[in-house]
>>> print(open('data-v5.txt').read())   # compact mmCIF, C-alpha atoms
# COMPACT_ATOMS: atom_id res chain seq x y z
CA ASP W 1088 0.00 0.00 0.00
CA PHE W 1089 1.49 3.35 -1.13
CA VAL W 1090 0.11 5.37 1.80
CA ASN W 1091 1.72 3.12 4.40
CA LEU W 1092 4.98 3.14 2.46
CA ALA W 1093 4.93 6.97 2.30
CA LEU W 1094 4.18 7.31 6.03
CA THR W 1095 6.91 4.82 6.91
CA GLU W 1096 9.40 6.70 4.72
CA MET W 1097 8.40 10.02 6.32
CA ARG W 1098 8.94 8.61 9.83
CA ARG W 1099 12.29 7.13 8.83
CA ALA W 1100 13.63 10.36 7.24
CA LYS W 1101 12.05 13.09 9.33
CA LEU W 1102 14.85 15.60 8.76
CA ARG W 1103 14.89 15.19 4.98
CA PHE W 1104 11.06 15.41 4.82
CA GLY W 1105 11.07 18.49 7.09
CA LEU W 1106 13.66 20.23 4.93
CA LEU W 1107 11.73 19.41 1.77
CA THR W 1108 8.48 20.71 3.33
CA ALA W 1109 10.24 23.91 4.43
CA ALA W 1110 11.71 24.42 0.95
CA VAL W 1111 8.33 24.01 -0.72
CA ALA W 1112 6.68 26.35 1.82
CA LEU W 1113 9.38 28.97 1.22
CA LEU W 1114 8.93 28.67 -2.54
CA VAL W 1115 5.16 29.14 -2.25
CA PHE W 1116 5.66 32.14 0.06
CA LEU W 1117 8.12 33.76 -2.36
CA ILE W 1118 5.81 33.22 -5.34
CA ILE W 1119 2.87 34.79 -3.49
CA PHE W 1120 5.02 37.68 -2.20
CA LEU W 1121 6.52 38.48 -5.62
CA SER W 1122 3.13 38.19 -7.30
CA SER W 1123 1.65 40.69 -4.82
CA LEU W 1124 4.63 43.01 -5.21
CA SER W 1125 4.50 42.98 -9.00
CA GLY W 1126 0.73 43.56 -8.94
CA ALA W 1127 1.15 46.58 -6.65
CA LEU W 1128 3.93 48.01 -8.82
CA LEU W 1129 1.88 47.52 -11.96
CA ARG W 1130 -1.16 49.22 -10.38
CA SER W 1131 1.00 52.20 -9.36
CA LEU W 1132 2.11 52.56 -12.99
CA THR W 1133 -1.17 51.91 -14.80
CA GLY W 1134 -3.86 52.36 -12.14
CA ALA W 1135 -5.13 55.55 -13.77
CA LEU W 1136 -5.89 53.77 -17.02
CA GLU W 1137 -7.31 50.69 -15.31
CA ALA W 1138 -9.65 52.88 -13.20
CA LEU W 1139 -11.35 54.37 -16.24
CA PRO W 1140 -14.86 53.03 -16.87
CA ALA W 1141 -14.17 53.30 -20.61
CA ASP W 1142 -14.18 50.12 -22.68
CA GLY W 1143 -11.21 51.31 -24.71
CA LEU W 1144 -8.65 54.03 -25.28
CA VAL W 1145 -7.73 55.60 -28.61
CA TYR W 1146 -4.15 56.73 -29.21
CA SER W 1147 -2.58 58.47 -32.19
CA ASP W 1148 -0.45 56.27 -34.46
CA ALA W 1149 2.77 58.01 -33.42
CA ALA W 1150 2.11 57.51 -29.69
CA ARG W 1151 2.77 53.75 -29.69
CA GLY W 1152 0.54 53.28 -26.65
CA ASN W 1153 2.02 56.19 -24.68
CA ALA W 1154 -0.77 58.41 -23.33
CA GLN W 1155 1.53 61.41 -22.93
CA ALA W 1156 2.75 61.23 -26.53
CA SER W 1157 -0.71 60.84 -28.07
CA ARG W 1158 -2.35 63.84 -29.72
CA LEU W 1159 -5.81 63.53 -31.26
CA THR W 1160 -7.28 66.35 -33.32
CA PRO W 1161 -11.00 67.18 -33.01
CA ASP W 1162 -11.76 65.58 -36.39
CA ILE W 1163 -10.29 62.25 -35.21
CA VAL W 1164 -12.32 62.44 -32.00
CA GLU W 1165 -15.46 63.06 -34.07
CA SER W 1166 -14.68 60.08 -36.30
CA VAL W 1167 -14.18 57.85 -33.24
CA GLU W 1168 -17.54 59.07 -31.91
CA GLN W 1169 -19.16 57.95 -35.19
CA VAL W 1170 -17.87 54.35 -34.89
CA PRO W 1171 -20.80 51.95 -34.43
CA GLY W 1172 -21.14 50.90 -30.79
CA VAL W 1173 -19.39 53.97 -29.34
CA ALA W 1174 -21.84 55.56 -26.90
CA SER W 1175 -19.66 58.46 -25.75
CA VAL W 1176 -16.09 59.73 -25.78
CA GLY W 1177 -14.11 61.72 -23.25
CA PRO W 1178 -10.77 63.46 -23.55
CA ILE W 1179 -7.85 62.66 -21.30
CA ALA W 1180 -4.69 64.76 -21.04
CA VAL W 1181 -1.56 63.85 -19.07
CA LEU W 1182 1.30 66.07 -17.88
CA SER W 1183 4.31 65.06 -15.79
CA THR W 1184 5.15 68.02 -13.58
CA ASN W 1185 6.06 69.09 -10.07
CA ALA W 1186 3.80 70.63 -7.48
CA THR W 1187 3.77 71.83 -3.91
CA VAL W 1188 1.71 69.36 -1.91
CA ALA W 1189 1.36 69.83 1.86
CA ASP W 1190 4.26 72.35 1.70
CA GLU W 1191 6.51 69.71 0.11
CA PRO W 1192 7.79 69.67 -3.49
CA THR W 1193 6.34 66.56 -5.12
CA PRO W 1194 6.61 65.02 -8.60
CA LEU W 1195 3.07 64.82 -9.89
CA GLN W 1196 1.14 63.33 -12.80
CA LEU W 1197 -1.55 65.85 -13.68
CA ILE W 1198 -4.48 64.33 -15.58
CA GLY W 1199 -7.27 66.36 -17.14
CA VAL W 1200 -10.60 64.70 -17.93
CA ALA W 1201 -14.16 65.73 -18.75
CA PRO W 1202 -16.42 65.31 -15.69
CA GLY W 1203 -19.13 62.70 -16.21
CA SER W 1204 -17.41 61.23 -19.28
CA PRO W 1205 -15.82 57.78 -19.71
CA SER W 1206 -12.48 59.44 -18.93
CA GLU W 1207 -13.50 60.18 -15.32
CA PRO W 1208 -11.91 57.46 -13.15
CA GLU W 1209 -13.55 55.19 -10.64
CA GLY W 1210 -11.97 54.77 -7.21
CA LEU W 1211 -13.25 57.86 -5.38
CA ARG W 1212 -12.94 57.14 -1.65
CA GLU W 1213 -14.03 60.45 -0.18
CA GLY W 1214 -15.31 63.78 -1.38
CA ARG W 1215 -16.24 64.37 -5.01
CA PHE W 1216 -14.64 64.63 -8.40
CA PRO W 1217 -13.68 68.19 -9.45
CA THR W 1218 -16.19 70.21 -11.46
CA ALA W 1219 -14.46 73.62 -11.49
CA ALA W 1220 -11.10 74.69 -12.95
CA ASP W 1221 -9.57 75.30 -9.50
CA GLU W 1222 -10.50 71.91 -8.00
CA VAL W 1223 -8.54 68.66 -7.90
CA ALA W 1224 -8.98 65.04 -6.78
CA VAL W 1225 -5.80 63.31 -5.65
CA ASP W 1226 -4.32 59.84 -5.40
CA ILE W 1227 -1.24 60.55 -3.36
CA SER W 1228 0.15 57.65 -1.38
CA GLY W 1229 1.59 58.40 2.03
CA SER W 1230 0.61 62.07 1.88
CA PRO W 1231 -1.46 63.79 4.56
CA VAL W 1232 -3.38 65.76 1.90
CA GLY W 1233 -7.03 65.98 2.87
CA LEU W 1234 -10.22 67.52 1.59
CA GLY W 1235 -9.98 71.31 1.51
CA ASP W 1236 -6.17 71.37 1.30
CA THR W 1237 -4.50 73.07 -1.65
CA ILE W 1238 -2.00 72.00 -4.29
CA ARG W 1239 -0.03 74.39 -6.48
CA VAL W 1240 1.44 73.12 -9.73
CA ASN W 1241 4.89 74.62 -10.29
CA GLY W 1242 4.88 77.46 -12.80
CA THR W 1243 1.28 78.45 -12.02
CA SER W 1244 -0.39 80.89 -9.66
CA THR W 1245 -3.52 78.79 -9.12
CA ASP W 1246 -4.17 77.01 -5.84
CA LEU W 1247 -6.13 73.83 -6.57
CA VAL W 1248 -8.52 72.89 -3.76
CA VAL W 1249 -8.69 69.17 -3.01
CA THR W 1250 -12.33 68.07 -3.38
CA GLY W 1251 -11.76 64.32 -3.51
CA ARG W 1252 -9.37 61.49 -2.71
CA LEU W 1253 -9.00 58.49 -4.97
CA VAL W 1254 -7.38 55.09 -4.49
CA GLY W 1255 -5.86 52.89 -7.19
CA THR W 1256 -5.67 55.62 -9.83
CA GLN W 1257 -1.96 56.40 -9.87
CA PHE W 1258 -0.10 56.84 -13.13
CA GLY W 1259 3.57 56.25 -12.37
CA GLY W 1260 3.46 58.09 -9.05
CA ASP W 1261 1.38 60.64 -7.19
CA THR W 1262 -1.51 61.68 -9.42
CA ALA W 1263 -3.89 64.64 -9.46
CA TRP W 1264 -7.12 64.70 -11.49
CA VAL W 1265 -8.55 67.99 -12.75
CA THR W 1266 -11.23 68.95 -15.25
CA ILE W 1267 -10.07 69.28 -18.85
CA GLY W 1268 -10.82 73.01 -18.61
CA GLY W 1269 -8.68 73.28 -15.48
CA TYR W 1270 -5.92 71.32 -17.23
CA ASP W 1271 -5.98 73.72 -20.21
CA ALA W 1272 -5.83 76.75 -17.87
CA LEU W 1273 -2.83 75.29 -16.02
CA ILE W 1274 -1.04 74.47 -19.28
CA ARG W 1275 -1.57 78.06 -20.49
CA GLN W 1276 0.03 79.34 -17.26
CA ILE W 1277 2.98 76.93 -17.50
CA ASN W 1278 3.55 77.62 -21.20
CA PRO W 1279 1.82 80.82 -22.32
CA GLY W 1280 3.18 80.37 -25.87
>>> encode(input="data-v5.txt", output="C-alpha cells")
Amino acid sequence: DFVNLALTEMRRAKLRFGLLTAAVALLVFLIIFLSSLSGALLRSLTGALEALPADGLVYSDAARGNAQASRLTPDIVESVEQVPGVASVGPIAVLSTNATVADEPTPLQLIGVAPGSPSEPEGLREGRFPTAADEVAVDISGSPVGLGDTIRVNGTSTDLVVTGRLVGTQFGGDTAWVTIGGYDALIRQINPG
C-alpha cells in the first residue's frame, strides 16, 4: 500500500522530509510575495488607465501606446464618436510636472478629464470629483493631503482645492485629477506660448 509506504518513509527520514516541506513552503511564500509586489507596482504605474470606466482608449499612431505622446485632433475624436457601438467619448490629457503638496515639493502626474465622461476614473474614496477649474482630486500615497487642502502646480499661480481622494488611480506616481478646462488653464500658465 502506497500510503503506508509513504508514512513509513516520512517517519524514517524526518529531517529530509522536514527540509523538503520547508523548501516548498518557502517557494510558495516567495511566489505569493513576488506576485503581490508585481501587482502593486503595476497598479502604481497603470492604475489611472485601469480605473477608467471606458471600454477602450484611442491613441494616435505616433504615440505607440504612450498616453503622454498621443495627440488627437478634433476631427479624429469626431470620427471615433461615429464608430458603431461607441456611446460616448471623453478626452484625457496627461502632464508630468512638479507641485507643492502639503508644503513639500512633489513630482506629480496631472491628468485632465471631462467630468461625467468615460475618462473620469472610478476609485473615489471620499469627497467628489472636481467640477471647477480650480478643484482637484488626488491619489497621493503616504501624503497627509485631505479635503480642503491646496496644491499648487509649479509654474502656475492657481491654488487647486482638493475636493476628492482616490485610491488605485496612480499613473507612475502621485496623481492629481482635474477637469479638462482646469488642465488647459494650467497648461496656459505653465507655457503661455
>>> atom_distance(input="data-v5.txt", atom1="atom CA of Thr1262 of chain W", atom2="atom CA of Leu1129 of chain W")
14.8 Å
>>> closest_atom_pairs(input="data-v5.txt", of="segment 1214-1248 of chain W", to="segment 1165-1189 of chain W", cutoff="8 Å", atoms="only C-alpha atoms", output="JSON lines")
{"residue": "W:Ser1230", "atom": "CA", "partner": "W:Ala1189", "partner_atom": "CA", "distance": 7.8}
{"residue": "W:Pro1231", "atom": "CA", "partner": "W:Ala1189", "partner_atom": "CA", "distance": 7.2}
{"residue": "W:Val1232", "atom": "CA", "partner": "W:Ala1189", "partner_atom": "CA", "distance": 6.2}
{"residue": "W:Asp1236", "atom": "CA", "partner": "W:Ala1189", "partner_atom": "CA", "distance": 7.7}
{"residue": "W:Thr1237", "atom": "CA", "partner": "W:Val1188", "partner_atom": "CA", "distance": 7.2}
{"residue": "W:Ile1238", "atom": "CA", "partner": "W:Val1188", "partner_atom": "CA", "distance": 5.1}
{"residue": "W:Arg1239", "atom": "CA", "partner": "W:Thr1187", "partner_atom": "CA", "distance": 5.3}
{"residue": "W:Val1240", "atom": "CA", "partner": "W:Ala1186", "partner_atom": "CA", "distance": 4.1}
{"residue": "W:Asn1241", "atom": "CA", "partner": "W:Ala1186", "partner_atom": "CA", "distance": 5.0}
>>> closest_atom_pairs(input="data-v5.txt", of="segment 1147-1215 of chain W", to="segment 1250-1259 of chain W", cutoff="8 Å", atoms="only C-alpha atoms", output="JSON lines")
{"residue": "W:Gln1196", "atom": "CA", "partner": "W:Phe1258", "partner_atom": "CA", "distance": 6.6}
{"residue": "W:Pro1208", "atom": "CA", "partner": "W:Thr1256", "partner_atom": "CA", "distance": 7.3}
{"residue": "W:Glu1209", "atom": "CA", "partner": "W:Thr1256", "partner_atom": "CA", "distance": 7.9}
{"residue": "W:Gly1210", "atom": "CA", "partner": "W:Leu1253", "partner_atom": "CA", "distance": 5.3}
{"residue": "W:Leu1211", "atom": "CA", "partner": "W:Leu1253", "partner_atom": "CA", "distance": 4.3}
{"residue": "W:Arg1212", "atom": "CA", "partner": "W:Leu1253", "partner_atom": "CA", "distance": 5.3}
{"residue": "W:Glu1213", "atom": "CA", "partner": "W:Arg1252", "partner_atom": "CA", "distance": 5.4}
{"residue": "W:Gly1214", "atom": "CA", "partner": "W:Gly1251", "partner_atom": "CA", "distance": 4.2}
{"residue": "W:Arg1215", "atom": "CA", "partner": "W:Gly1251", "partner_atom": "CA", "distance": 4.7}
>>> closest_residue(input="data-v5.txt", among="W:Asn1278, W:Gln1155, W:Ser1123, W:Thr1160", to="Ile1198 of chain W", atoms="only C-alpha atoms")
W:Gln1155
>>> atom_distance(input="data-v5.txt", atom1="atom CA of Ala1149 of chain W", atom2="atom CA of Ala1263 of chain W")
25.7 Å
>>> atom_distance(input="data-v5.txt", atom1="atom CA of Leu1247 of chain W", atom2="atom CA of Ala1220 of chain W")
8.1 Å
>>> closest_residue(input="data-v5.txt", among="W:Pro1140, W:Pro1202, W:Gly1242, W:Pro1161", to="Leu1273 of chain W", atoms="all atoms listed in the file")
W:Gly1242
>>> residues_around(input="data-v5.txt", residues="segment 1264-1271 of chain W", least_positions_apart="2", cutoff="7 Å", atoms="all atoms listed in the file", output="PDB file with C-alpha atoms, keeping the file's coordinate frame")
ATOM      1  CA  LEU W1197      -1.550  65.850 -13.680  1.00  0.00           C
ATOM      2  CA  ILE W1198      -4.480  64.330 -15.580  1.00  0.00           C
ATOM      3  CA  GLY W1199      -7.270  66.360 -17.140  1.00  0.00           C
ATOM      4  CA  VAL W1200     -10.600  64.700 -17.930  1.00  0.00           C
ATOM      5  CA  ALA W1201     -14.160  65.730 -18.750  1.00  0.00           C
ATOM      6  CA  PRO W1202     -16.420  65.310 -15.690  1.00  0.00           C
ATOM      7  CA  PRO W1217     -13.680  68.190  -9.450  1.00  0.00           C
ATOM      8  CA  THR W1218     -16.190  70.210 -11.460  1.00  0.00           C
ATOM      9  CA  ALA W1219     -14.460  73.620 -11.490  1.00  0.00           C
ATOM     10  CA  ALA W1220     -11.100  74.690 -12.950  1.00  0.00           C
ATOM     11  CA  ASP W1221      -9.570  75.300  -9.500  1.00  0.00           C
ATOM     12  CA  GLU W1222     -10.500  71.910  -8.000  1.00  0.00           C
ATOM     13  CA  VAL W1223      -8.540  68.660  -7.900  1.00  0.00           C
ATOM     14  CA  ALA W1224      -8.980  65.040  -6.780  1.00  0.00           C
ATOM     15  CA  VAL W1225      -5.800  63.310  -5.650  1.00  0.00           C
ATOM     16  CA  THR W1262      -1.510  61.680  -9.420  1.00  0.00           C
ATOM     17  CA  LEU W1273      -2.830  75.290 -16.020  1.00  0.00           C
ATOM     18  CA  ILE W1274      -1.040  74.470 -19.280  1.00  0.00           C
ATOM     19  CA  ARG W1275      -1.570  78.060 -20.490  1.00  0.00           C
TER      20      ARG W1275
END
>>> closest_residue(input="data-v5.txt", among="W:Val1145, W:Ala1138, W:Leu1107, W:Ala1150", to="Ile1163 of chain W", atoms="all atoms listed in the file")
W:Val1145
>>> build_atoms(input="data-v5.txt", residues="segment 1150-1171 of chain W", atoms="N, CA, C and O atoms", output="compact mmCIF listing (two decimals), in the coordinates of the input")
# COMPACT_ATOMS: atom_id res chain seq x y z
N ALA W 1150 1.96 57.63 -31.14
CA ALA W 1150 2.11 57.51 -29.69
C ALA W 1150 2.65 56.15 -29.26
O ALA W 1150 3.28 56.04 -28.22
N ARG W 1151 2.35 55.12 -30.03
CA ARG W 1151 2.77 53.75 -29.69
C ARG W 1151 2.34 53.36 -28.28
O ARG W 1151 3.10 52.80 -27.51
N GLY W 1152 1.09 53.67 -27.94
CA GLY W 1152 0.54 53.28 -26.65
C GLY W 1152 0.91 54.17 -25.49
O GLY W 1152 0.59 53.87 -24.35
N ASN W 1153 1.61 55.28 -25.73
CA ASN W 1153 2.02 56.19 -24.68
C ASN W 1153 1.00 57.33 -24.59
O ASN W 1153 0.90 58.15 -25.50
N ALA W 1154 0.29 57.41 -23.47
CA ALA W 1154 -0.77 58.41 -23.33
C ALA W 1154 -0.23 59.83 -23.42
O ALA W 1154 -0.88 60.72 -23.95
N GLN W 1155 0.98 60.06 -22.91
CA GLN W 1155 1.53 61.41 -22.93
C GLN W 1155 1.98 61.83 -24.32
O GLN W 1155 2.06 63.02 -24.61
N ALA W 1156 2.28 60.90 -25.18
CA ALA W 1156 2.75 61.23 -26.53
C ALA W 1156 1.60 61.31 -27.54
O ALA W 1156 1.79 61.73 -28.66
N SER W 1157 0.41 60.90 -27.15
CA SER W 1157 -0.71 60.84 -28.07
C SER W 1157 -1.39 62.19 -28.20
O SER W 1157 -1.68 62.85 -27.21
N ARG W 1158 -1.63 62.60 -29.43
CA ARG W 1158 -2.35 63.84 -29.72
C ARG W 1158 -3.44 63.52 -30.73
O ARG W 1158 -3.16 63.04 -31.82
N LEU W 1159 -4.69 63.78 -30.36
CA LEU W 1159 -5.81 63.53 -31.26
C LEU W 1159 -6.48 64.86 -31.60
O LEU W 1159 -6.86 65.61 -30.71
N THR W 1160 -6.62 65.12 -32.87
CA THR W 1160 -7.28 66.35 -33.32
C THR W 1160 -8.79 66.18 -33.19
O THR W 1160 -9.30 65.05 -33.14
N PRO W 1161 -9.53 67.28 -33.15
CA PRO W 1161 -11.00 67.18 -33.01
C PRO W 1161 -11.66 66.34 -34.11
O PRO W 1161 -12.64 65.64 -33.83
N ASP W 1162 -11.13 66.38 -35.34
CA ASP W 1162 -11.76 65.58 -36.39
C ASP W 1162 -11.59 64.08 -36.14
O ASP W 1162 -12.48 63.29 -36.46
N ILE W 1163 -10.48 63.68 -35.53
CA ILE W 1163 -10.29 62.25 -35.21
C ILE W 1163 -11.24 61.86 -34.08
O ILE W 1163 -11.85 60.79 -34.12
N VAL W 1164 -11.40 62.72 -33.10
CA VAL W 1164 -12.32 62.44 -32.00
C VAL W 1164 -13.74 62.29 -32.54
O VAL W 1164 -14.47 61.37 -32.16
N GLU W 1165 -14.13 63.16 -33.47
CA GLU W 1165 -15.46 63.06 -34.07
C GLU W 1165 -15.62 61.77 -34.85
O GLU W 1165 -16.68 61.13 -34.79
N SER W 1166 -14.57 61.34 -35.55
CA SER W 1166 -14.68 60.08 -36.30
C SER W 1166 -14.76 58.88 -35.37
O SER W 1166 -15.45 57.91 -35.66
N VAL W 1167 -14.08 58.94 -34.22
CA VAL W 1167 -14.18 57.85 -33.24
C VAL W 1167 -15.60 57.82 -32.67
O VAL W 1167 -16.18 56.75 -32.47
N GLU W 1168 -16.18 58.98 -32.45
CA GLU W 1168 -17.54 59.07 -31.91
C GLU W 1168 -18.56 58.48 -32.88
O GLU W 1168 -19.61 58.00 -32.47
N GLN W 1169 -18.24 58.47 -34.18
CA GLN W 1169 -19.16 57.95 -35.19
C GLN W 1169 -19.04 56.44 -35.39
O GLN W 1169 -19.84 55.84 -36.10
N VAL W 1170 -18.05 55.80 -34.75
CA VAL W 1170 -17.87 54.35 -34.89
C VAL W 1170 -19.07 53.65 -34.28
O VAL W 1170 -19.49 53.98 -33.16
N PRO W 1171 -19.66 52.67 -34.98
CA PRO W 1171 -20.80 51.95 -34.43
C PRO W 1171 -20.45 51.31 -33.08
O PRO W 1171 -19.40 50.69 -32.93
